[in-house]
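Q: Have a look at the structure that comes next, please.
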Amino acid sequence: MKTLYSTKATVTGGRAGSVSLSDNDLTINMVPPGSGKSGNNPEQLFAMGYSACFDGALGVVKQMEKAKFDSTTSIEVDLLQGDGHDYKLAAKIHVVGENTELSADEFQQLVEKAHQVCPYSKATRGNIDVEVTSEVK
């Protein structure tokens, strides 16, 4: 495969430090989830990246299928803890379709196709529980 883009993030201090990008001036203050401190946590950043990637993949599917709709993609990311230090992620993807003549079932089929196309979905497949739902307004 051909590399289309590459970036590098560097963190100091883990969940209570800061992270920056090598190709941008973005620096984010990292804080543990639920700490009440000002900043962001990895789960928030993952949810943002995944939702942007997924909605982009849905745009690719829309072109392939010559469908017409507007979409808004929301992804909820859960950090789960089992016994001791047994942590894992789960995600709930919800896509709202508007300005379309597609039925709810037809739209869900396109959303499922986007789940096959999205690089984040491919990376997480078999690694985290992902629920994919949609609705047409």
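Quick note on naming: the chains in the structure tokens go A, B, ... in the order shown, residues restart at 1 in each chain, and ligands are numbered from 1 in order of appearance.
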Contacts of stretch 10-20 of chain A at 12 Å or less, counting only C-alpha atoms, minus same-chain residues fewer than 2 places along, as a PyMOL selection string?

A: chain A and resi 7-8+22-35+37-45

Q: So that I can check the surroundings of A:Ser51, please list as a PDB file with all heavy atoms, in the first residue's frame every protein, DNA and RNA residue that reaches within 12 Å of it, counting only C-alpha atoms and ignoring chain neighbours fewer than 4 positions away.

A:
```
ATOM      1  N   GLN A  44     -11.514  10.638  24.530  1.00  0.00           N
ATOM      2  CA  GLN A  44     -12.147  11.749  23.822  1.00  0.00           C
ATOM      3  C   GLN A  44     -11.498  11.954  22.458  1.00  0.00           C
ATOM      4  O   GLN A  44     -12.187  12.153  21.452  1.00  0.00           O
ATOM      5  CB  GLN A  44     -12.034  13.044  24.638  1.00  0.00           C
ATOM      6  CG  GLN A  44     -12.862  13.040  25.900  1.00  0.00           C
ATOM      7  CD  GLN A  44     -12.516  14.213  26.795  1.00  0.00           C
ATOM      8  OE1 GLN A  44     -11.356  14.611  26.917  1.00  0.00           O
ATOM      9  NE2 GLN A  44     -13.538  14.772  27.429  1.00  0.00           N
ATOM     10  N   LEU A  45     -10.177  11.925  22.417  1.00  0.00           N
ATOM     11  CA  LEU A  45      -9.464  12.135  21.164  1.00  0.00           C
ATOM     12  C   LEU A  45      -9.735  10.997  20.185  1.00  0.00           C
ATOM     13  O   LEU A  45      -9.903  11.224  18.982  1.00  0.00           O
ATOM     14  CB  LEU A  45      -7.963  12.289  21.425  1.00  0.00           C
ATOM     15  CG  LEU A  45      -7.586  13.439  22.374  1.00  0.00           C
ATOM     16  CD1 LEU A  45      -6.092  13.450  22.614  1.00  0.00           C
ATOM     17  CD2 LEU A  45      -8.073  14.771  21.852  1.00  0.00           C
ATOM     18  N   PHE A  46      -9.816   9.773  20.692  1.00  0.00           N
ATOM     19  CA  PHE A  46     -10.134   8.625  19.852  1.00  0.00           C
ATOM     20  C   PHE A  46     -11.544   8.768  19.272  1.00  0.00           C
ATOM     21  O   PHE A  46     -11.765   8.526  18.084  1.00  0.00           O
ATOM     22  CB  PHE A  46      -9.998   7.333  20.655  1.00  0.00           C
ATOM     23  CG  PHE A  46     -10.317   6.094  19.869  1.00  0.00           C
ATOM     24  CD1 PHE A  46      -9.493   5.675  18.840  1.00  0.00           C
ATOM     25  CD2 PHE A  46     -11.438   5.346  20.167  1.00  0.00           C
ATOM     26  CE1 PHE A  46      -9.787   4.529  18.108  1.00  0.00           C
ATOM     27  CE2 PHE A  46     -11.738   4.200  19.448  1.00  0.00           C
ATOM     28  CZ  PHE A  46     -10.915   3.789  18.410  1.00  0.00           C
ATOM     29  N   ALA A  47     -12.507   9.174  20.100  1.00  0.00           N
ATOM     30  CA  ALA A  47     -13.886   9.360  19.635  1.00  0.00           C
ATOM     31  C   ALA A  47     -13.954  10.419  18.539  1.00  0.00           C
ATOM     32  O   ALA A  47     -14.676  10.250  17.545  1.00  0.00           O
ATOM     33  CB  ALA A  47     -14.794   9.737  20.804  1.00  0.00           C
ATOM     34  N   ASP A  55     -17.411   9.177   9.263  1.00  0.00           N
ATOM     35  CA  ASP A  55     -18.271  10.004   8.425  1.00  0.00           C
ATOM     36  C   ASP A  55     -17.635  10.200   7.050  1.00  0.00           C
ATOM     37  O   ASP A  55     -18.327  10.246   6.032  1.00  0.00           O
ATOM     38  CB  ASP A  55     -18.574  11.344   9.099  1.00  0.00           C
ATOM     39  CG  ASP A  55     -19.868  11.955   8.583  1.00  0.00           C
ATOM     40  OD1 ASP A  55     -20.924  11.302   8.688  1.00  0.00           O
ATOM     41  OD2 ASP A  55     -19.821  13.094   8.070  1.00  0.00           O
ATOM     42  N   GLY A  56     -16.301  10.288   7.005  1.00  0.00           N
ATOM     43  CA  GLY A  56     -15.603  10.356   5.725  1.00  0.00           C
ATOM     44  C   GLY A  56     -15.779   9.075   4.925  1.00  0.00           C
ATOM     45  O   GLY A  56     -15.990   9.109   3.702  1.00  0.00           O
ATOM     46  N   ALA A  57     -15.704   7.932   5.591  1.00  0.00           N
ATOM     47  CA  ALA A  57     -15.913   6.644   4.920  1.00  0.00           C
ATOM     48  C   ALA A  57     -17.345   6.549   4.398  1.00  0.00           C
ATOM     49  O   ALA A  57     -17.579   6.018   3.302  1.00  0.00           O
ATOM     50  CB  ALA A  57     -15.618   5.491   5.878  1.00  0.00           C
ATOM     51  N   LEU A  58     -18.291   7.080   5.146  1.00  0.00           N
ATOM     52  CA  LEU A  58     -19.676   7.090   4.685  1.00  0.00           C
ATOM     53  C   LEU A  58     -19.818   7.951   3.434  1.00  0.00           C
ATOM     54  O   LEU A  58     -20.571   7.616   2.522  1.00  0.00           O
ATOM     55  CB  LEU A  58     -20.605   7.581   5.795  1.00  0.00           C
ATOM     56  CG  LEU A  58     -22.100   7.518   5.507  1.00  0.00           C
ATOM     57  CD1 LEU A  58     -22.547   6.105   5.137  1.00  0.00           C
ATOM     58  CD2 LEU A  58     -22.885   8.033   6.713  1.00  0.00           C
ATOM     59  N   SER A  71     -25.178  13.551   6.464  1.00  0.00           N
ATOM     60  CA  SER A  71     -24.997  12.680   7.628  1.00  0.00           C
ATOM     61  C   SER A  71     -24.292  13.400   8.761  1.00  0.00           C
ATOM     62  O   SER A  71     -23.506  14.312   8.544  1.00  0.00           O
ATOM     63  CB  SER A  71     -24.201  11.430   7.249  1.00  0.00           C
ATOM     64  OG  SER A  71     -22.908  11.776   6.802  1.00  0.00           O
ATOM     65  N   THR A  72     -24.612  12.948   9.957  1.00  0.00           N
ATOM     66  CA  THR A  72     -23.921  13.348  11.173  1.00  0.00           C
ATOM     67  C   THR A  72     -23.581  12.068  11.924  1.00  0.00           C
ATOM     68  O   THR A  72     -24.468  11.257  12.191  1.00  0.00           O
ATOM     69  CB  THR A  72     -24.814  14.247  12.053  1.00  0.00           C
ATOM     70  OG1 THR A  72     -25.226  15.386  11.293  1.00  0.00           O
ATOM     71  CG2 THR A  72     -24.069  14.703  13.296  1.00  0.00           C
ATOM     72  N   THR A  73     -22.308  11.897  12.225  1.00  0.00           N
ATOM     73  CA  THR A  73     -21.849  10.683  12.898  1.00  0.00           C
ATOM     74  C   THR A  73     -21.396  11.015  14.313  1.00  0.00           C
ATOM     75  O   THR A  73     -20.584  11.914  14.511  1.00  0.00           O
ATOM     76  CB  THR A  73     -20.688  10.036  12.122  1.00  0.00           C
ATOM     77  OG1 THR A  73     -21.140   9.686  10.814  1.00  0.00           O
ATOM     78  CG2 THR A  73     -20.168   8.791  12.831  1.00  0.00           C
ATOM     79  N   SER A  74     -21.933  10.277  15.273  1.00  0.00           N
ATOM     80  CA  SER A  74     -21.521  10.400  16.680  1.00  0.00           C
ATOM     81  C   SER A  74     -20.947   9.063  17.123  1.00  0.00           C
ATOM     82  O   SER A  74     -21.517   8.014  16.808  1.00  0.00           O
ATOM     83  CB  SER A  74     -22.712  10.738  17.578  1.00  0.00           C
ATOM     84  OG  SER A  74     -23.312  11.938  17.184  1.00  0.00           O
ATOM     85  N   ILE A  75     -19.838   9.116  17.831  1.00  0.00           N
ATOM     86  CA  ILE A  75     -19.264   7.885  18.364  1.00  0.00           C
ATOM     87  C   ILE A  75     -19.010   8.067  19.853  1.00  0.00           C
ATOM     88  O   ILE A  75     -18.313   8.990  20.270  1.00  0.00           O
ATOM     89  CB  ILE A  75     -17.968   7.488  17.626  1.00  0.00           C
ATOM     90  CG1 ILE A  75     -18.292   7.229  16.153  1.00  0.00           C
ATOM     91  CG2 ILE A  75     -17.325   6.268  18.293  1.00  0.00           C
ATOM     92  CD1 ILE A  75     -17.154   6.693  15.329  1.00  0.00           C
ATOM     93  N   GLU A  76     -19.627   7.183  20.612  1.00  0.00           N
ATOM     94  CA  GLU A  76     -19.422   7.150  22.062  1.00  0.00           C
ATOM     95  C   GLU A  76     -18.363   6.101  22.347  1.00  0.00           C
ATOM     96  O   GLU A  76     -18.483   4.959  21.885  1.00  0.00           O
ATOM     97  CB  GLU A  76     -20.735   6.788  22.760  1.00  0.00           C
ATOM     98  CG  GLU A  76     -20.620   6.650  24.261  1.00  0.00           C
ATOM     99  CD  GLU A  76     -21.941   6.231  24.890  1.00  0.00           C
ATOM    100  OE1 GLU A  76     -23.003   6.622  24.389  1.00  0.00           O
ATOM    101  OE2 GLU A  76     -21.883   5.503  25.905  1.00  0.00           O
ATOM    102  N   VAL A  77     -17.336   6.483  23.065  1.00  0.00           N
ATOM    103  CA  VAL A  77     -16.269   5.557  23.431  1.00  0.00           C
ATOM    104  C   VAL A  77     -16.325   5.334  24.938  1.00  0.00           C
ATOM    105  O   VAL A  77     -16.358   6.295  25.709  1.00  0.00           O
ATOM    106  CB  VAL A  77     -14.880   6.102  23.014  1.00  0.00           C
ATOM    107  CG1 VAL A  77     -13.761   5.214  23.555  1.00  0.00           C
ATOM    108  CG2 VAL A  77     -14.790   6.208  21.501  1.00  0.00           C
ATOM    109  N   ALA A  91     -17.202   0.862  21.676  1.00  0.00           N
ATOM    110  CA  ALA A  91     -17.669   2.024  20.925  1.00  0.00           C
ATOM    111  C   ALA A  91     -19.089   1.810  20.430  1.00  0.00           C
ATOM    112  O   ALA A  91     -19.471   0.691  20.079  1.00  0.00           O
ATOM    113  CB  ALA A  91     -16.744   2.301  19.742  1.00  0.00           C
ATOM    114  N   LYS A  92     -19.842   2.908  20.424  1.00  0.00           N
ATOM    115  CA  LYS A  92     -21.195   2.922  19.866  1.00  0.00           C
ATOM    116  C   LYS A  92     -21.219   3.987  18.789  1.00  0.00           C
ATOM    117  O   LYS A  92     -21.030   5.172  19.078  1.00  0.00           O
ATOM    118  CB  LYS A  92     -22.224   3.219  20.951  1.00  0.00           C
ATOM    119  CG  LYS A  92     -22.304   2.159  22.021  1.00  0.00           C
ATOM    120  CD  LYS A  92     -23.293   2.568  23.111  1.00  0.00           C
ATOM    121  CE  LYS A  92     -23.223   1.586  24.247  1.00  0.00           C
ATOM    122  NZ  LYS A  92     -22.696   2.177  25.458  1.00  0.00           N
ATOM    123  N   ILE A  93     -21.423   3.555  17.544  1.00  0.00           N
ATOM    124  CA  ILE A  93     -21.480   4.463  16.403  1.00  0.00           C
ATOM    125  C   ILE A  93     -22.949   4.703  16.081  1.00  0.00           C
ATOM    126  O   ILE A  93     -23.724   3.753  15.928  1.00  0.00           O
ATOM    127  CB  ILE A  93     -20.784   3.848  15.173  1.00  0.00           C
ATOM    128  CG1 ILE A  93     -19.323   3.538  15.493  1.00  0.00           C
ATOM    129  CG2 ILE A  93     -20.918   4.760  13.961  1.00  0.00           C
ATOM    130  CD1 ILE A  93     -18.617   2.706  14.440  1.00  0.00           C
ATOM    131  N   HIS A  94     -23.322   5.981  15.975  1.00  0.00           N
ATOM    132  CA  HIS A  94     -24.695   6.317  15.595  1.00  0.00           C
ATOM    133  C   HIS A  94     -24.649   7.370  14.500  1.00  0.00           C
ATOM    134  O   HIS A  94     -24.018   8.417  14.664  1.00  0.00           O
ATOM    135  CB  HIS A  94     -25.496   6.830  16.794  1.00  0.00           C
ATOM    136  CG  HIS A  94     -26.934   7.073  16.457  1.00  0.00           C
ATOM    137  ND1 HIS A  94     -27.819   6.054  16.243  1.00  0.00           N
ATOM    138  CD2 HIS A  94     -27.615   8.223  16.260  1.00  0.00           C
ATOM    139  CE1 HIS A  94     -29.006   6.564  15.940  1.00  0.00           C
ATOM    140  NE2 HIS A  94     -28.900   7.876  15.931  1.00  0.00           N
ATOM    141  N   VAL A  95     -25.306   7.070  13.385  1.00  0.00           N
ATOM    142  CA  VAL A  95     -25.304   7.970  12.237  1.00  0.00           C
ATOM    143  C   VAL A  95     -26.733   8.415  11.957  1.00  0.00           C
ATOM    144  O   VAL A  95     -27.647   7.581  11.886  1.00  0.00           O
ATOM    145  CB  VAL A  95     -24.712   7.296  10.986  1.00  0.00           C
ATOM    146  CG1 VAL A  95     -24.638   8.286   9.834  1.00  0.00           C
ATOM    147  CG2 VAL A  95     -23.339   6.713  11.278  1.00  0.00           C
ATOM    148  N   ALA A 114     -19.971   1.499   5.286  1.00  0.00           N
ATOM    149  CA  ALA A 114     -18.967   2.455   5.774  1.00  0.00           C
ATOM    150  C   ALA A 114     -18.140   1.833   6.889  1.00  0.00           C
ATOM    151  O   ALA A 114     -16.935   2.078   6.988  1.00  0.00           O
ATOM    152  CB  ALA A 114     -19.641   3.740   6.257  1.00  0.00           C
ATOM    153  N   HIS A 115     -18.768   0.990   7.703  1.00  0.00           N
ATOM    154  CA  HIS A 115     -18.056   0.309   8.786  1.00  0.00           C
ATOM    155  C   HIS A 115     -17.009  -0.659   8.227  1.00  0.00           C
ATOM    156  O   HIS A 115     -15.995  -0.921   8.866  1.00  0.00           O
ATOM    157  CB  HIS A 115     -19.067  -0.416   9.675  1.00  0.00           C
ATOM    158  CG  HIS A 115     -18.516  -0.970  10.945  1.00  0.00           C
ATOM    159  ND1 HIS A 115     -17.644  -0.289  11.762  1.00  0.00           N
ATOM    160  CD2 HIS A 115     -18.729  -2.162  11.552  1.00  0.00           C
ATOM    161  CE1 HIS A 115     -17.338  -1.035  12.812  1.00  0.00           C
ATOM    162  NE2 HIS A 115     -17.982  -2.183  12.701  1.00  0.00           N
ATOM    163  N   CYS A 118     -14.121   2.141   6.668  1.00  0.00           N
ATOM    164  CA  CYS A 118     -13.428   3.050   7.594  1.00  0.00           C
ATOM    165  C   CYS A 118     -12.148   2.421   8.173  1.00  0.00           C
ATOM    166  O   CYS A 118     -12.195   1.341   8.769  1.00  0.00           O
ATOM    167  CB  CYS A 118     -14.376   3.422   8.725  1.00  0.00           C
ATOM    168  SG  CYS A 118     -13.612   4.429  10.020  1.00  0.00           S
ATOM    169  N   PRO A 119     -10.999   3.095   8.019  1.00  0.00           N
ATOM    170  CA  PRO A 119      -9.747   2.561   8.580  1.00  0.00           C
ATOM    171  C   PRO A 119      -9.791   2.361  10.102  1.00  0.00           C
ATOM    172  O   PRO A 119      -9.204   1.403  10.603  1.00  0.00           O
ATOM    173  CB  PRO A 119      -8.705   3.615   8.199  1.00  0.00           C
ATOM    174  CG  PRO A 119      -9.257   4.260   6.968  1.00  0.00           C
ATOM    175  CD  PRO A 119     -10.745   4.279   7.175  1.00  0.00           C
ATOM    176  N   TYR A 120     -10.483   3.229  10.827  1.00  0.00           N
ATOM    177  CA  TYR A 120     -10.592   3.045  12.278  1.00  0.00           C
ATOM    178  C   TYR A 120     -11.394   1.779  12.585  1.00  0.00           C
ATOM    179  O   TYR A 120     -11.052   1.020  13.497  1.00  0.00           O
ATOM    180  CB  TYR A 120     -11.269   4.245  12.940  1.00  0.00           C
ATOM    181  CG  TYR A 120     -10.355   5.400  13.271  1.00  0.00           C
ATOM    182  CD1 TYR A 120      -9.647   6.088  12.297  1.00  0.00           C
ATOM    183  CD2 TYR A 120     -10.225   5.834  14.582  1.00  0.00           C
ATOM    184  CE1 TYR A 120      -8.837   7.153  12.598  1.00  0.00           C
ATOM    185  CE2 TYR A 120      -9.417   6.919  14.911  1.00  0.00           C
ATOM    186  CZ  TYR A 120      -8.722   7.570  13.912  1.00  0.00           C
ATOM    187  OH  TYR A 120      -7.919   8.630  14.229  1.00  0.00           O
ATOM    188  N   SER A 121     -12.475   1.554  11.835  1.00  0.00           N
ATOM    189  CA  SER A 121     -13.268   0.338  12.041  1.00  0.00           C
ATOM    190  C   SER A 121     -12.448  -0.900  11.742  1.00  0.00           C
ATOM    191  O   SER A 121     -12.528  -1.900  12.456  1.00  0.00           O
ATOM    192  CB  SER A 121     -14.516   0.367  11.147  1.00  0.00           C
ATOM    193  OG  SER A 121     -15.424   1.354  11.586  1.00  0.00           O
ATOM    194  N   VAL A 132     -23.201  -0.506  15.820  1.00  0.00           N
ATOM    195  CA  VAL A 132     -23.444   0.451  14.745  1.00  0.00           C
ATOM    196  C   VAL A 132     -24.937   0.611  14.532  1.00  0.00           C
ATOM    197  O   VAL A 132     -25.617  -0.364  14.200  1.00  0.00           O
ATOM    198  CB  VAL A 132     -22.774   0.002  13.430  1.00  0.00           C
ATOM    199  CG1 VAL A 132     -22.991   1.026  12.336  1.00  0.00           C
ATOM    200  CG2 VAL A 132     -21.289  -0.251  13.637  1.00  0.00           C
TER     201      VAL A 132
END
```

Q: Of the residues A:Ala67, A:Ala123, A:Ile128, A:Leu79, which is the one nearest to A:Leu110, using only C-alpha atoms?

A: A:Ala67

Q: Taking only C-alpha atoms into account, name the residue in A:Asp129, A:Gln116, A:Asp86, A:Lys68 that is nearest to A:Thr100.

A: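 Of all the options, A:Lys68 lies closest to A:Thr100.
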
Q: Identify, with DSSP run on backbone atoms, the residues in chain A assigned to strand (DSSP E), and express the list as a PyMOL selection string.

A: chain A and resi 9-12+18-21+27-29+70-81+87-98+129-136

Q: Where does DSSP see helix (DSSP H, G or I) in stretch 57-137 of chain A, if you list the residues as a PyMOL selection string?

A: chain A and resi 57-65+104-117+119-124

Q: Could those selected residues go to a file with N, CA, C and O atoms, as a short mmCIF file (atom, residue, chain, number, x, y, z; two decimals), in the first residue's frame?

A:
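The resulting out.cif:
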```
data_model
loop_
_atom_site.label_atom_id
_atom_site.label_comp_id
_atom_site.auth_asym_id
_atom_site.auth_seq_id
_atom_site.Cartn_x
_atom_site.Cartn_y
_atom_site.Cartn_z
N ALA A 57 -15.70 7.93 5.59
CA ALA A 57 -15.91 6.64 4.92
C ALA A 57 -17.35 6.55 4.40
O ALA A 57 -17.58 6.02 3.30
N LEU A 58 -18.29 7.08 5.15
CA LEU A 58 -19.68 7.09 4.68
C LEU A 58 -19.82 7.95 3.43
O LEU A 58 -20.57 7.62 2.52
N GLY A 59 -19.05 9.03 3.35
CA GLY A 59 -19.03 9.85 2.15
C GLY A 59 -18.52 9.08 0.94
O GLY A 59 -19.02 9.23 -0.18
N VAL A 60 -17.52 8.23 1.15
CA VAL A 60 -17.00 7.38 0.07
C VAL A 60 -18.08 6.40 -0.38
O VAL A 60 -18.31 6.21 -1.58
N VAL A 61 -18.77 5.78 0.57
CA VAL A 61 -19.84 4.83 0.25
C VAL A 61 -20.96 5.56 -0.49
O VAL A 61 -21.52 5.03 -1.46
N LYS A 62 -21.28 6.75 -0.05
CA LYS A 62 -22.33 7.54 -0.70
C LYS A 62 -21.99 7.76 -2.18
O LYS A 62 -22.84 7.59 -3.04
N GLN A 63 -20.74 8.09 -2.46
CA GLN A 63 -20.30 8.27 -3.85
C GLN A 63 -20.39 6.96 -4.63
O GLN A 63 -20.86 6.93 -5.75
N MET A 64 -19.89 5.88 -4.03
CA MET A 64 -19.89 4.57 -4.70
C MET A 64 -21.31 4.14 -5.06
O MET A 64 -21.54 3.57 -6.12
N GLU A 65 -22.24 4.39 -4.15
CA GLU A 65 -23.62 3.94 -4.33
C GLU A 65 -24.49 4.99 -5.02
O GLU A 65 -25.69 4.76 -5.21
N ALA A 104 -35.01 3.65 6.18
CA ALA A 104 -34.13 3.42 7.33
C ALA A 104 -33.26 2.19 7.10
O ALA A 104 -32.07 2.18 7.43
N ASP A 105 -33.82 1.13 6.51
CA ASP A 105 -33.06 -0.09 6.25
C ASP A 105 -31.98 0.14 5.19
O ASP A 105 -30.85 -0.34 5.33
N GLU A 106 -32.32 0.87 4.13
CA GLU A 106 -31.34 1.16 3.08
C GLU A 106 -30.20 2.01 3.64
O GLU A 106 -29.03 1.77 3.33
N PHE A 107 -30.54 2.98 4.48
CA PHE A 107 -29.51 3.82 5.07
C PHE A 107 -28.61 3.01 6.00
O PHE A 107 -27.38 3.15 5.96
N GLN A 108 -29.19 2.13 6.79
CA GLN A 108 -28.40 1.28 7.69
C GLN A 108 -27.43 0.41 6.90
O GLN A 108 -26.29 0.21 7.31
N GLN A 109 -27.85 -0.08 5.73
CA GLN A 109 -26.97 -0.88 4.89
C GLN A 109 -25.76 -0.07 4.43
O GLN A 109 -24.63 -0.58 4.40
N LEU A 110 -25.97 1.21 4.10
CA LEU A 110 -24.85 2.06 3.70
C LEU A 110 -23.93 2.33 4.89
O LEU A 110 -22.70 2.36 4.74
N VAL A 111 -24.51 2.50 6.06
CA VAL A 111 -23.71 2.72 7.27
C VAL A 111 -22.87 1.47 7.55
O VAL A 111 -21.70 1.58 7.91
N GLU A 112 -23.45 0.29 7.37
CA GLU A 112 -22.70 -0.96 7.57
C GLU A 112 -21.55 -1.06 6.56
O GLU A 112 -20.46 -1.52 6.89
N LYS A 113 -21.78 -0.62 5.32
CA LYS A 113 -20.71 -0.60 4.32
C LYS A 113 -19.60 0.35 4.75
O LYS A 113 -18.42 0.06 4.58
N ALA A 114 -19.97 1.50 5.29
CA ALA A 114 -18.97 2.45 5.77
C ALA A 114 -18.14 1.83 6.89
O ALA A 114 -16.94 2.08 6.99
N HIS A 115 -18.77 0.99 7.70
CA HIS A 115 -18.06 0.31 8.79
C HIS A 115 -17.01 -0.66 8.23
O HIS A 115 -15.99 -0.92 8.87
N GLN A 116 -17.22 -1.16 7.01
CA GLN A 116 -16.25 -2.03 6.36
C GLN A 116 -15.13 -1.22 5.70
O GLN A 116 -14.02 -1.71 5.54
N VAL A 117 -15.41 0.02 5.32
CA VAL A 117 -14.46 0.88 4.61
C VAL A 117 -13.58 1.69 5.56
O VAL A 117 -12.39 1.89 5.31
N PRO A 119 -11.00 3.09 8.02
CA PRO A 119 -9.75 2.56 8.58
C PRO A 119 -9.79 2.36 10.10
O PRO A 119 -9.20 1.40 10.60
N TYR A 120 -10.48 3.23 10.83
CA TYR A 120 -10.59 3.04 12.28
C TYR A 120 -11.39 1.78 12.59
O TYR A 120 -11.05 1.02 13.50
N SER A 121 -12.47 1.55 11.84
CA SER A 121 -13.27 0.34 12.04
C SER A 121 -12.45 -0.90 11.74
O SER A 121 -12.53 -1.90 12.46
N LYS A 122 -11.63 -0.83 10.68
CA LYS A 122 -10.77 -1.96 10.35
C LYS A 122 -9.76 -2.21 11.47
O LYS A 122 -9.48 -3.36 11.83
N ALA A 123 -9.21 -1.14 12.02
CA ALA A 123 -8.20 -1.27 13.07
C ALA A 123 -8.78 -1.84 14.36
O ALA A 123 -8.08 -2.53 15.10
N THR A 124 -10.04 -1.55 14.64
CA THR A 124 -10.64 -2.00 15.89
C THR A 124 -11.38 -3.33 15.75
O THR A 124 -11.70 -3.96 16.76
#
```

Q: By how many Å are atom CA of A:Met48 and atom CA of A:Val130 apart?

A: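 Interatomic distance, atom CA of A:Met48 to atom CA of A:Val130: 15.4 Å.
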